[in-house]
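Chemist: Input file: final.tsv. Contents: TSV, C-alpha atoms (C1' of nucleotides).
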chain	number	residue	atom	x	y	z
A	1	MET	CA	-17.38	2.68	-10.22
A	2	LYS	CA	-15.61	5.90	-9.34
A	3	ILE	CA	-12.54	6.21	-7.16
A	4	GLY	CA	-14.46	7.05	-4.01
A	5	GLU	CA	-16.49	3.86	-4.09
A	6	LEU	CA	-13.46	1.70	-4.82
A	7	ALA	CA	-11.67	3.36	-1.92
A	8	LYS	CA	-14.54	2.55	0.39
A	9	ARG	CA	-14.83	-1.06	-0.74
A	10	THR	CA	-11.10	-1.79	-0.60
A	11	GLU	CA	-10.28	0.29	2.48
A	12	VAL	CA	-7.59	1.89	0.37
A	13	PRO	CA	-7.63	5.71	0.35
A	14	THR	CA	-8.22	7.45	-2.98
A	15	ARG	CA	-4.79	8.96	-2.65
A	16	MET	CA	-3.25	5.49	-2.69
A	17	LEU	CA	-5.37	4.29	-5.58
A	18	ARG	CA	-3.95	7.09	-7.71
A	19	TYR	CA	-0.52	6.23	-6.42
A	20	TYR	CA	-0.90	2.58	-7.47
A	21	GLU	CA	-1.96	3.78	-10.87
A	22	GLU	CA	1.11	5.98	-11.07
A	23	GLN	CA	3.19	2.90	-10.26
A	24	GLY	CA	1.53	1.02	-13.09
A	25	LEU	CA	-0.33	-1.43	-10.87
A	26	ILE	CA	-3.82	-0.57	-12.11
A	27	THR	CA	-5.09	1.26	-15.18
A	28	PRO	CA	-8.70	2.41	-14.85
A	29	ARG	CA	-10.61	3.71	-17.86
A	30	ARG	CA	-11.57	7.35	-17.97
A	31	GLN	CA	-15.06	8.80	-18.15
A	32	GLN	CA	-15.77	11.67	-20.50
A	33	ASN	CA	-15.28	14.14	-17.68
A	34	GLY	CA	-11.82	12.71	-17.03
A	35	TYR	CA	-12.84	10.85	-13.88
A	36	ARG	CA	-11.40	7.38	-13.37
A	37	GLU	CA	-13.77	4.49	-14.02
A	38	TYR	CA	-12.95	1.24	-12.23
A	39	ASP	CA	-14.17	-2.21	-13.26
A	40	GLU	CA	-15.53	-4.63	-10.70
A	41	TYR	CA	-12.56	-7.01	-10.87
A	42	LEU	CA	-10.27	-4.23	-9.69
A	43	VAL	CA	-11.76	-4.46	-6.20
A	44	ASP	CA	-10.15	-7.84	-5.75
A	45	ARG	CA	-7.00	-6.73	-7.47
A	46	VAL	CA	-6.52	-3.73	-5.21
A	47	LYS	CA	-7.00	-5.91	-2.14
A	48	LYS	CA	-4.30	-8.26	-3.42
A	49	ILE	CA	-1.99	-5.34	-4.09
A	50	ARG	CA	-2.54	-4.07	-0.55
A	51	GLY	CA	-1.76	-7.48	0.86
A	52	LEU	CA	1.49	-7.72	-1.06
A	53	LEU	CA	2.46	-4.18	-0.12
A	54	ASP	CA	1.72	-4.94	3.52
A	55	SER	CA	3.99	-7.96	3.17
A	56	GLY	CA	6.76	-5.58	2.22
A	57	ILE	CA	6.91	-6.35	-1.48
A	58	PRO	CA	7.97	-3.30	-3.51
A	59	THR	CA	5.56	-2.00	-6.15
A	60	ARG	CA	7.86	-2.81	-9.04
A	61	ILE	CA	7.97	-6.46	-8.05
A	62	ILE	CA	4.21	-6.48	-7.59
A	63	GLY	CA	3.90	-5.12	-11.10
A	64	ASP	CA	5.84	-8.10	-12.42
A	65	MET	CA	3.71	-10.46	-10.34
A	66	LEU	CA	0.30	-9.16	-11.36
A	67	PRO	CA	-0.10	-11.37	-14.45
A	68	CYS	CA	0.41	-14.41	-12.20
A	69	LEU	CA	-2.10	-13.13	-9.64
A	70	ASN	CA	-4.94	-12.90	-12.12
A	71	GLN	CA	-4.80	-16.52	-13.18
A	72	PRO	CA	-6.46	-18.64	-10.51
A	73	GLN	CA	-4.85	-21.51	-8.65
A	74	GLU	CA	-2.49	-23.80	-10.56
A	75	ILE	CA	-0.18	-21.25	-12.05
A	76	VAL	CA	0.91	-22.03	-15.57
A	77	VAL	CA	3.85	-20.03	-16.76
A	78	ALA	CA	3.98	-19.95	-20.51
A	79	ASP	CA	7.29	-18.18	-20.80
A	80	PRO	CA	9.48	-18.75	-17.73
A	81	ASP	CA	11.62	-15.63	-17.73
A	82	PRO	CA	14.87	-16.50	-15.88
A	83	GLU	CA	15.37	-12.90	-14.79
A	84	LEU	CA	11.91	-12.72	-13.26
A	85	ARG	CA	12.53	-16.01	-11.51
A	86	GLU	CA	15.75	-14.70	-10.02
A	87	MET	CA	14.02	-11.56	-8.84
A	88	LEU	CA	11.28	-13.58	-7.17
A	89	VAL	CA	13.86	-15.76	-5.43
A	90	ARG	CA	15.61	-12.66	-4.08
A	91	GLU	CA	12.27	-11.29	-2.93
A	92	ARG	CA	11.37	-14.52	-1.17
A	93	ASP	CA	14.71	-14.55	0.63
A	94	ARG	CA	14.21	-10.96	1.72
A	95	MET	CA	10.83	-11.96	3.05
A	96	THR	CA	12.32	-14.87	4.98
A	97	GLU	CA	14.73	-12.47	6.63
A	98	ARG	CA	11.94	-10.12	7.59
A	99	ILE	CA	9.99	-12.98	9.11
A	100	ALA	CA	12.98	-13.89	11.26
A	101	LEU	CA	13.37	-10.28	12.31
A	102	LEU	CA	9.68	-9.99	13.16
A	103	GLU	CA	9.84	-13.13	15.26
A	104	HIS	CA	12.83	-11.76	17.12
A	105	HIS	CA	11.05	-8.52	17.96
A	106	CYS	CA	7.85	-10.37	18.74
A	107	HIS	CA	9.69	-12.37	21.39
A	108	ALA	CA	11.27	-9.19	22.71
A	109	LEU	CA	7.84	-7.62	23.11
A	110	THR	CA	6.52	-10.71	24.85
A	111	LYS	CA	9.33	-10.51	27.39
A	112	TYR	CA	8.75	-6.81	27.94
A	113	ILE	CA	5.02	-7.33	28.41
A	114	ALA	CA	5.73	-10.07	30.93
A	115	ALA	CA	8.05	-7.69	32.80
A	116	MET	CA	5.30	-5.07	32.90
A	117	ASP	CA	2.84	-7.63	34.22
A	118	ARG	CA	5.27	-8.65	36.98
A	119	SER	CA	5.68	-5.02	37.88
A	120	LEU	CA	1.92	-4.59	38.07
A	121	ALA	CA	1.56	-7.69	40.20
A	122	ALA	CA	4.24	-6.38	42.58
A	123	THR	CA	2.57	-3.02	43.09
A	124	THR	CA	-0.73	-4.78	43.61
A	125	GLU	CA	0.82	-6.88	46.36
A	126	ILE	CA	2.08	-3.77	48.08
A	127	ARG	CA	-1.34	-2.17	47.95
A	128	LEU	CA	-3.21	-5.21	49.22
A	129	PRO	CA	-1.88	-5.13	52.81
A	130	GLN	CA	-2.77	-1.47	53.14
B	1	DC	C1'	-17.18	15.63	-5.40
B	2	DT	C1'	-13.29	14.87	-9.05
B	3	DT	C1'	-8.72	16.06	-11.46
B	4	DC	C1'	-3.60	17.29	-11.52
B	5	DT	C1'	1.40	18.28	-9.90
B	6	DC	C1'	5.23	19.35	-6.69
B	7	DA	C1'	7.57	18.89	-2.56
B	8	DC	C1'	8.91	16.12	1.27
B	9	DA	C1'	9.51	12.47	5.20
C	1	DT	C1'	6.26	4.04	0.23
C	2	DG	C1'	3.47	7.14	0.95
C	3	DT	C1'	1.42	12.19	2.41
C	4	DG	C1'	-0.03	17.26	2.24
C	5	DA	C1'	-1.02	21.32	-0.10
C	6	DG	C1'	-2.54	23.99	-3.64
C	7	DT	C1'	-5.06	24.15	-8.19
C	8	DA	C1'	-8.89	23.89	-11.44
Transcribe the structure of this file into structure tokens.
Modeler:
Amino acid sequence: MKIGELAKRTEVPTRMLRYYEEQGLITPRRQQNGYREYDEYLVDRVKKIRGLLDSGIPTRIIGDMLPCLNQPQEIVVADPDPELREMLVRERDRMTERIALLEHHCHALTKYIAAMDRSLAATTEIRLPQ
DNA sequence: CTTCTCACA
DNA sequence: TGTGAGTA
């Protein structure tokens, strides 16, 4: 399929698909006219990439993770690269920190929303007697 | 419609 | 990490 169709099916703009390619995350074949030609399996792959990116994982880490993502379920690592392991540990810890931060701000929003609701309830009470 | 690159937030 | 503009 061409880039437009992949964009539609993955909800990822064509601009981003080219960007992922530039970052070495996907490598589509080329048609004779130079247009990118995407295989079916790339639909799933792009969705996974989006998910990881949305989780705040940098593209270079995603690139290192892609081989693992292809193999289904029980991950078997033939050659456990210590450096890669260390990088993944750092990434996981970063993620844990972000989760804590998100929870903090989530609670803050909840309190603010509650304050707004109280304010609304108060103005409603004032209007009722009128 | 597709391709590319350069600049920029 | 992504976008916008201009090109062909």
Chemist: So how many Å separate atom CA of A:Leu42 and atom CA of A:Asp54, to one decimal?
Modeler: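 Separation of atom CA of A:Leu42 and atom CA of A:Asp54: 17.9 Å.
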Chemist: To one decimal place in Å, what is the distance between atom CA of A:Glu97 and atom CA of A:Tyr112?
Modeler: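 Computed distance, atom CA of A:Glu97 to atom CA of A:Tyr112, equals 22.8 Å.
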Chemist: Rounded to one decimal, what separation in Å do you get between atom CA of A:Tyr38 and atom CA of A:Ile57?
Modeler: 23.8 Å
Chemist: Applying 12 Å and all atoms listed in the file, which residues near B:DC8 remain after dropping the ones on its own chain fewer than 6 positions away? List them as number ranges by chain.
Modeler: C: 2-5
Chemist: Tell me the residues of chain B close to chain A, meaning within 12 Å using only C-alpha atoms (C1' of nucleotides), as number ranges by chain.
Modeler: B: 1-4
Chemist: When you get a sec, could you note down which chain A residues fall within 10 Å of chain C, using all atoms listed in the file, as a PyMOL selection string?
Modeler: chain A and resi 15-16+19+53+56+58-59
Chemist: To box chain B, take all atoms listed in the file, fit an axis-aligned box, add 6 Å on each side, and give centre and edge lengths in Å to one decimal, as AutoDock Vina command-line options.
Modeler:
--center_x -3.8 --center_y 15.9 --center_z -3.2 --size_x 38.7 --size_y 18.9 --size_z 28.7
Chemist: If you count only C-alpha atoms (C1' of nucleotides), which residues fall within 12 Å of stretch 78-85 of chain A, apart from same-chain ones fewer than 6 positions away, as a count of residues only?
Modeler: 11
